[in-house]
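A.B. asks: Have a peek at query-v2.pdb (PDB, C-alpha atoms).
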ATOM      1  CA  MET N 444    -163.480  46.114  50.730  1.00  0.00           C
ATOM      2  CA  ASN N 445    -164.439  43.750  53.584  1.00  0.00           C
ATOM      3  CA  LYS N 446    -162.861  40.340  54.175  1.00  0.00           C
ATOM      4  CA  VAL N 447    -163.485  37.742  56.896  1.00  0.00           C
ATOM      5  CA  TRP N 448    -161.568  34.624  57.898  1.00  0.00           C
ATOM      6  CA  VAL N 449    -162.888  32.029  60.351  1.00  0.00           C
ATOM      7  CA  ASN N 450    -161.115  29.293  62.301  1.00  0.00           C
ATOM      8  CA  GLN N 451    -164.046  27.050  63.158  1.00  0.00           C
ATOM      9  CA  PRO N 452    -162.167  24.528  65.390  1.00  0.00           C
ATOM     10  CA  LYS N 453    -160.803  27.372  67.563  1.00  0.00           C
ATOM     11  CA  ARG N 454    -164.045  29.413  67.234  1.00  0.00           C
ATOM     12  CA  ARG N 455    -162.142  32.557  66.182  1.00  0.00           C
ATOM     13  CA  TYR N 456    -162.600  35.182  63.460  1.00  0.00           C
ATOM     14  CA  TYR N 457    -160.404  37.795  61.785  1.00  0.00           C
ATOM     15  CA  ARG N 458    -161.975  40.648  59.789  1.00  0.00           C
ATOM     16  CA  THR N 459    -160.425  43.398  57.662  1.00  0.00           C
ATOM     17  CA  MET N 460    -161.856  46.466  56.011  1.00  0.00           C
ATOM     18  CA  LEU N 461    -159.939  48.699  53.575  1.00  0.00           C
ATOM     19  CA  GLN N 462    -161.648  52.013  52.984  1.00  0.00           C
ATOM     20  CA  CYS N 463    -161.040  55.548  51.831  1.00  0.00           C
ATOM     21  CA  ASP N 464    -162.365  58.341  54.042  1.00  0.00           C
ATOM     22  CA  LEU N 465    -163.891  61.635  52.906  1.00  0.00           C
ATOM     23  CA  LEU N 466    -160.463  63.290  52.814  1.00  0.00           C
ATOM     24  CA  GLY N 467    -158.969  60.638  50.533  1.00  0.00           C
ATOM     25  CA  GLN N 468    -156.929  58.857  53.205  1.00  0.00           C
ATOM     26  CA  TRP N 469    -156.864  55.027  53.122  1.00  0.00           C
ATOM     27  CA  THR N 470    -157.406  53.102  56.350  1.00  0.00           C
ATOM     28  CA  LEU N 471    -157.062  49.396  57.050  1.00  0.00           C
ATOM     29  CA  THR N 472    -159.236  48.290  59.965  1.00  0.00           C
ATOM     30  CA  ARG N 473    -158.522  44.868  61.463  1.00  0.00           C
ATOM     31  CA  SER N 474    -160.653  43.166  64.097  1.00  0.00           C
ATOM     32  CA  TRP N 475    -160.444  39.723  65.643  1.00  0.00           C
ATOM     33  CA  GLY N 476    -161.942  37.743  68.454  1.00  0.00           C
ATOM     34  CA  SER N 477    -164.151  34.873  69.525  1.00  0.00           C
ATOM     35  CA  LEU N 478    -167.175  33.632  67.609  1.00  0.00           C
ATOM     36  CA  ASP N 479    -168.844  32.807  70.929  1.00  0.00           C
ATOM     37  CA  THR N 480    -168.407  36.040  72.912  1.00  0.00           C
ATOM     38  CA  ASN N 481    -168.169  39.774  72.345  1.00  0.00           C
ATOM     39  CA  HIS N 482    -164.485  39.788  73.308  1.00  0.00           C
ATOM     40  CA  GLY N 483    -162.040  40.950  70.674  1.00  0.00           C
ATOM     41  CA  ARG N 484    -159.869  43.803  69.468  1.00  0.00           C
ATOM     42  CA  VAL N 485    -159.951  46.443  66.752  1.00  0.00           C
ATOM     43  CA  VAL N 486    -156.941  48.209  65.225  1.00  0.00           C
ATOM     44  CA  HIS N 487    -157.054  51.063  62.689  1.00  0.00           C
ATOM     45  CA  GLU N 488    -153.986  51.596  60.510  1.00  0.00           C
ATOM     46  CA  ILE N 489    -153.453  54.367  57.976  1.00  0.00           C
ATOM     47  CA  VAL N 490    -151.939  53.064  54.728  1.00  0.00           C
ATOM     48  CA  GLU N 491    -150.206  55.078  52.030  1.00  0.00           C
ATOM     49  CA  ASN N 492    -152.672  54.245  49.253  1.00  0.00           C
ATOM     50  CA  LYS N 493    -155.083  51.575  48.022  1.00  0.00           C
ATOM     51  CA  GLY N 494    -152.276  49.494  46.516  1.00  0.00           C
ATOM     52  CA  ALA N 495    -150.355  49.418  49.802  1.00  0.00           C
ATOM     53  CA  GLY N 496    -153.538  48.386  51.584  1.00  0.00           C
ATOM     54  CA  GLU N 497    -154.146  45.573  49.106  1.00  0.00           C
ATOM     55  CA  LEU N 498    -150.565  44.316  49.648  1.00  0.00           C
ATOM     56  CA  LYS N 499    -151.210  44.217  53.396  1.00  0.00           C
ATOM     57  CA  LEU N 500    -154.468  42.333  52.774  1.00  0.00           C
ATOM     58  CA  ALA N 501    -152.605  39.745  50.700  1.00  0.00           C
ATOM     59  CA  SER N 502    -150.078  39.301  53.502  1.00  0.00           C
ATOM     60  CA  ILE N 503    -152.874  38.961  56.077  1.00  0.00           C
ATOM     61  CA  HIS N 504    -154.569  36.359  53.876  1.00  0.00           C
ATOM     62  CA  ASN N 505    -151.383  34.260  53.753  1.00  0.00           C
ATOM     63  CA  VAL N 506    -150.906  34.404  57.528  1.00  0.00           C
ATOM     64  CA  ARG N 507    -154.551  33.550  58.236  1.00  0.00           C
ATOM     65  CA  ALA N 508    -154.452  30.581  55.837  1.00  0.00           C
ATOM     66  CA  HIS N 509    -151.230  29.334  57.446  1.00  0.00           C
ATOM     67  CA  ARG N 510    -152.910  29.473  60.874  1.00  0.00           C
ATOM     68  CA  GLY N 511    -155.916  27.399  59.804  1.00  0.00           C
ATOM     69  CA  TYR N 512    -158.415  30.156  59.015  1.00  0.00           C
ATOM     70  CA  ARG N 513    -160.758  29.833  56.039  1.00  0.00           C
ATOM     71  CA  TYR N 514    -161.674  32.861  53.929  1.00  0.00           C
ATOM     72  CA  MET N 515    -165.426  33.519  53.883  1.00  0.00           C
ATOM     73  CA  GLU N 516    -167.098  35.383  51.010  1.00  0.00           C
ATOM     74  CA  LEU N 517    -169.242  38.318  52.121  1.00  0.00           C
ATOM     75  CA  ASN N 518    -172.438  39.072  50.250  1.00  0.00           C
TER      76      ASN N 518
END
Would you give me this structure, written as C-alpha coordinates?

C.D. replies:
Amino acid sequence: MNKVWVNQPKRRYYRTMLQCDLLGQWTLTRSWGSLDTNHGRVVHEIVENKGAGELKLASIHNVRAHRGYRYMELN
(Lines of atoms letter the chains of each structure in order from A and count residues from 1; the text may use other names and numbers.)
(Lines give C-alpha, C1' and ligand atoms only; values in the text may rest on other atoms or scores of the structure.)
Protein backbone atom coordinates (compact mmCIF):
# COMPACT_ATOMS: atom_id res chain seq x y z
CA MET A 1 0.00 0.00 0.00
CA ASN A 2 1.86 3.08 -1.30
CA LYS A 3 0.76 6.67 -0.70
CA VAL A 4 2.35 9.98 -1.75
CA TRP A 5 1.66 13.56 -0.70
CA VAL A 6 3.15 16.60 -2.45
CA ASN A 7 3.49 20.21 -1.34
CA GLN A 8 4.01 21.91 -4.68
CA PRO A 9 4.66 25.48 -3.38
CA LYS A 10 7.42 24.20 -1.05
CA ARG A 11 8.58 21.56 -3.60
CA ARG A 12 8.44 18.76 -1.00
CA TYR A 13 7.09 15.20 -0.97
CA TYR A 14 6.13 12.67 1.70
CA ARG A 15 5.75 8.97 0.80
CA THR A 16 4.56 5.99 2.85
CA MET A 17 4.55 2.28 2.18
CA LEU A 18 2.81 -0.30 4.40
CA GLN A 19 3.90 -3.84 3.64
CA CYS A 20 4.09 -7.30 5.11
CA ASP A 21 7.43 -9.11 4.86
CA LEU A 22 7.98 -12.82 4.22
CA LEU A 23 7.82 -13.57 7.95
CA GLY A 24 4.44 -11.88 8.39
CA GLN A 25 5.73 -8.74 10.10
CA TRP A 26 4.18 -5.40 9.07
CA THR A 27 6.46 -2.45 8.34
CA LEU A 28 5.60 1.18 7.69
CA THR A 29 8.26 2.92 5.60
CA ARG A 30 8.15 6.72 5.46
CA SER A 31 10.31 8.87 3.21
CA TRP A 32 10.34 12.60 2.59
CA GLY A 33 12.43 15.21 0.89
CA SER A 34 12.76 17.71 -1.92
CA LEU A 35 11.19 17.34 -5.35
CA ASP A 36 14.21 19.11 -6.84
CA THR A 37 17.14 17.20 -5.31
CA ASN A 38 18.01 13.73 -4.08
CA HIS A 39 18.11 14.92 -0.47
CA GLY A 40 15.67 13.31 1.93
CA ARG A 41 15.23 10.76 4.68
CA VAL A 42 13.81 7.27 5.08
CA VAL A 43 12.48 5.72 8.29
CA HIS A 44 11.31 2.11 8.74
CA GLU A 45 8.92 1.38 11.60
CA ILE A 46 7.58 -2.02 12.63
CA VAL A 47 3.85 -1.92 13.38
CA GLU A 48 1.83 -4.46 15.33
CA ASN A 49 -0.48 -5.44 12.46
CA LYS A 50 -2.10 -4.14 9.28
CA GLY A 51 -4.84 -2.34 11.22
CA ALA A 52 -2.31 -0.46 13.36
CA GLY A 53 -0.44 0.51 10.21
CA GLU A 54 -3.62 1.80 8.59
CA LEU A 55 -4.36 3.91 11.70
CA LYS A 56 -0.89 5.45 11.44
CA LEU A 57 -1.49 6.14 7.73
CA ALA A 58 -4.73 7.94 8.57
CA SER A 59 -2.91 10.06 11.13
CA ILE A 60 -0.14 10.85 8.63
CA HIS A 61 -2.76 11.84 6.06
CA ASN A 62 -4.34 14.32 8.49
CA VAL A 63 -0.99 15.90 9.37
CA ARG A 64 0.09 16.16 5.72
CA ALA A 65 -3.23 17.78 4.73
CA HIS A 66 -2.93 20.25 7.61
CA ARG A 67 0.56 21.22 6.40
CA GLY A 68 -0.57 21.94 2.83
CA TYR A 69 0.30 18.64 1.15
CA ARG A 70 -2.02 17.16 -1.48
CA TYR A 71 -2.57 13.40 -1.71
CA MET A 72 -1.57 11.99 -5.10
CA GLU A 73 -3.10 8.78 -6.46
CA LEU A 74 -0.53 6.20 -7.56
CA ASN A 75 -1.25 4.05 -10.59

A.B. asks: Which is closest to N:Cys463 among N:Asn445, N:Val486, N:Gly476, N:Asn492, if we use all atoms listed in the file?

C.D. replies: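 Checking each candidate against N:Cys463, we get N:Asn492 as the closest.
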
A.B. asks: Pick the closest to N:Ile489 from N:Ala501, N:Leu471, N:Val447, N:Ala508: which is it, counting all atoms listed in the file?

C.D. replies: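 Selected residue with least distance to N:Ile489: N:Leu471.
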
A.B. asks: Suppose a student applies the PyMOL selection byres ((chain N and resi 448) around 6) to this structure; what residues should they get, written as an NGL selection string?

C.D. replies: :N and (447 or 449 or 456-457 or 512-515)

A.B. asks: Could you work out how far atom CA of N:His482 lies from atom CA of N:Met444, giving the answer in Å with one decimal?

C.D. replies: 23.5 Å

A.B. asks: Pull out every residue that the PyMOL selection byres ((chain N and resi 478) around 7) matches in the shown coordinates and put them as number ranges by chain.

C.D. replies: N: 454-456, 476-477, 479-480

A.B. asks: Quick check on the file I pasted: which residues fall under the PyMOL selection byres ((chain N and resi 459) around 6)? Write them as a ChimeraX atom specification.

C.D. replies: /N:445-446,458,460,472-473

A.B. asks: Only C-alpha atoms, please: the residues just picked out, written as a PDB file, in the coordinates of the input.

C.D. replies:
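What landed in out-v1.pdb:
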ATOM      1  CA  ASN N 445    -164.439  43.750  53.584  1.00  0.00           C
ATOM      2  CA  LYS N 446    -162.861  40.340  54.175  1.00  0.00           C
ATOM      3  CA  ARG N 458    -161.975  40.648  59.789  1.00  0.00           C
ATOM      4  CA  MET N 460    -161.856  46.466  56.011  1.00  0.00           C
ATOM      5  CA  THR N 472    -159.236  48.290  59.965  1.00  0.00           C
ATOM      6  CA  ARG N 473    -158.522  44.868  61.463  1.00  0.00           C
TER       7      ARG N 473
END

A.B. asks: Using only C-alpha atoms, which residue out of N:Thr470, N:Asp464, N:Asn450, N:Gly511 lies closest to N:Gly496?

C.D. replies: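 Distance minimum relative to N:Gly496 lands on N:Thr470.
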
A.B. asks: Can you work out the spacing between atom CA of N:Asn481 and atom CA of N:Arg507 in Å, to one decimal?

C.D. replies: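 Atom CA of N:Asn481 sits 20.6 Å away from atom CA of N:Arg507.
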
A.B. asks: Which residue is closest to N:Ile503? Choose from N:Ser474, N:Gln462, N:Glu491, N:Trp469 and count only C-alpha atoms.

C.D. replies: N:Ser474

A.B. asks: Just give me the gap between atom CA of N:Lys493 and atom CA of N:Leu465 in Å, one decimal is fine.

C.D. replies: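 Between atom CA of N:Lys493 and atom CA of N:Leu465 the gap works out to 14.2 Å.
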
A.B. asks: For each of N:Glu516, N:Leu461, N:His509, N:Gln451, take the minimum atom-to-atom distance to N:His487, counting all atoms listed in the file, then give the residue where this is smallest.

C.D. replies: N:Leu461

A.B. asks: Is it possible to add N, CA, C and O atoms to stretch 481-497 of chain N and hand it back as a PDB file, in the frame of the given file?

C.D. replies:
ATOM      1  N   ASN N 481    -168.393  38.439  72.896  1.00  0.00           N
ATOM      2  CA  ASN N 481    -168.169  39.774  72.345  1.00  0.00           C
ATOM      3  C   ASN N 481    -166.741  40.263  72.572  1.00  0.00           C
ATOM      4  O   ASN N 481    -166.447  41.427  72.349  1.00  0.00           O
ATOM      5  N   HIS N 482    -165.861  39.394  73.037  1.00  0.00           N
ATOM      6  CA  HIS N 482    -164.485  39.788  73.308  1.00  0.00           C
ATOM      7  C   HIS N 482    -163.687  39.809  72.014  1.00  0.00           C
ATOM      8  O   HIS N 482    -163.811  38.924  71.173  1.00  0.00           O
ATOM      9  N   GLY N 483    -162.869  40.823  71.860  1.00  0.00           N
ATOM     10  CA  GLY N 483    -162.040  40.950  70.674  1.00  0.00           C
ATOM     11  C   GLY N 483    -161.309  42.280  70.682  1.00  0.00           C
ATOM     12  O   GLY N 483    -161.359  43.028  71.659  1.00  0.00           O
ATOM     13  N   ARG N 484    -160.625  42.564  69.596  1.00  0.00           N
ATOM     14  CA  ARG N 484    -159.869  43.803  69.468  1.00  0.00           C
ATOM     15  C   ARG N 484    -160.100  44.406  68.102  1.00  0.00           C
ATOM     16  O   ARG N 484    -160.404  43.704  67.143  1.00  0.00           O
ATOM     17  N   VAL N 485    -159.869  45.709  68.012  1.00  0.00           N
ATOM     18  CA  VAL N 485    -159.951  46.443  66.752  1.00  0.00           C
ATOM     19  C   VAL N 485    -158.735  47.349  66.654  1.00  0.00           C
ATOM     20  O   VAL N 485    -158.378  48.018  67.627  1.00  0.00           O
ATOM     21  N   VAL N 486    -158.097  47.355  65.476  1.00  0.00           N
ATOM     22  CA  VAL N 486    -156.941  48.209  65.225  1.00  0.00           C
ATOM     23  C   VAL N 486    -157.168  48.933  63.903  1.00  0.00           C
ATOM     24  O   VAL N 486    -157.535  48.310  62.905  1.00  0.00           O
ATOM     25  N   HIS N 487    -156.953  50.255  63.900  1.00  0.00           N
ATOM     26  CA  HIS N 487    -157.054  51.063  62.689  1.00  0.00           C
ATOM     27  C   HIS N 487    -155.640  51.471  62.282  1.00  0.00           C
ATOM     28  O   HIS N 487    -154.870  51.954  63.111  1.00  0.00           O
ATOM     29  N   GLU N 488    -155.324  51.283  61.006  1.00  0.00           N
ATOM     30  CA  GLU N 488    -153.986  51.596  60.510  1.00  0.00           C
ATOM     31  C   GLU N 488    -154.119  52.415  59.227  1.00  0.00           C
ATOM     32  O   GLU N 488    -154.811  52.014  58.287  1.00  0.00           O
ATOM     33  N   ILE N 489    -153.450  53.547  59.176  1.00  0.00           N
ATOM     34  CA  ILE N 489    -153.453  54.367  57.976  1.00  0.00           C
ATOM     35  C   ILE N 489    -152.425  53.782  57.015  1.00  0.00           C
ATOM     36  O   ILE N 489    -151.300  53.479  57.397  1.00  0.00           O
ATOM     37  N   VAL N 490    -152.847  53.580  55.753  1.00  0.00           N
ATOM     38  CA  VAL N 490    -151.939  53.064  54.728  1.00  0.00           C
ATOM     39  C   VAL N 490    -151.719  54.147  53.681  1.00  0.00           C
ATOM     40  O   VAL N 490    -152.529  55.068  53.525  1.00  0.00           O
ATOM     41  N   GLU N 491    -150.616  54.038  52.976  1.00  0.00           N
ATOM     42  CA  GLU N 491    -150.206  55.078  52.030  1.00  0.00           C
ATOM     43  C   GLU N 491    -151.214  55.283  50.895  1.00  0.00           C
ATOM     44  O   GLU N 491    -151.532  56.410  50.524  1.00  0.00           O
ATOM     45  N   ASN N 492    -151.714  54.174  50.359  1.00  0.00           N
ATOM     46  CA  ASN N 492    -152.672  54.245  49.253  1.00  0.00           C
ATOM     47  C   ASN N 492    -153.403  52.908  49.146  1.00  0.00           C
ATOM     48  O   ASN N 492    -153.124  51.987  49.912  1.00  0.00           O
ATOM     49  N   LYS N 493    -154.304  52.797  48.173  1.00  0.00           N
ATOM     50  CA  LYS N 493    -155.083  51.575  48.022  1.00  0.00           C
ATOM     51  C   LYS N 493    -154.179  50.383  47.710  1.00  0.00           C
ATOM     52  O   LYS N 493    -154.373  49.289  48.242  1.00  0.00           O
ATOM     53  N   GLY N 494    -153.185  50.581  46.871  1.00  0.00           N
ATOM     54  CA  GLY N 494    -152.276  49.494  46.516  1.00  0.00           C
ATOM     55  C   GLY N 494    -151.524  48.954  47.719  1.00  0.00           C
ATOM     56  O   GLY N 494    -151.375  47.738  47.882  1.00  0.00           O
ATOM     57  N   ALA N 495    -151.058  49.846  48.584  1.00  0.00           N
ATOM     58  CA  ALA N 495    -150.355  49.418  49.802  1.00  0.00           C
ATOM     59  C   ALA N 495    -151.301  48.651  50.716  1.00  0.00           C
ATOM     60  O   ALA N 495    -150.914  47.665  51.339  1.00  0.00           O
ATOM     61  N   GLY N 496    -152.545  49.093  50.779  1.00  0.00           N
ATOM     62  CA  GLY N 496    -153.538  48.386  51.584  1.00  0.00           C
ATOM     63  C   GLY N 496    -153.823  46.998  51.043  1.00  0.00           C
ATOM     64  O   GLY N 496    -153.950  46.037  51.804  1.00  0.00           O
ATOM     65  N   GLU N 497    -153.899  46.879  49.720  1.00  0.00           N
ATOM     66  CA  GLU N 497    -154.146  45.573  49.106  1.00  0.00           C
ATOM     67  C   GLU N 497    -152.969  44.624  49.329  1.00  0.00           C
ATOM     68  O   GLU N 497    -153.166  43.424  49.501  1.00  0.00           O
TER      69      GLU N 497
END
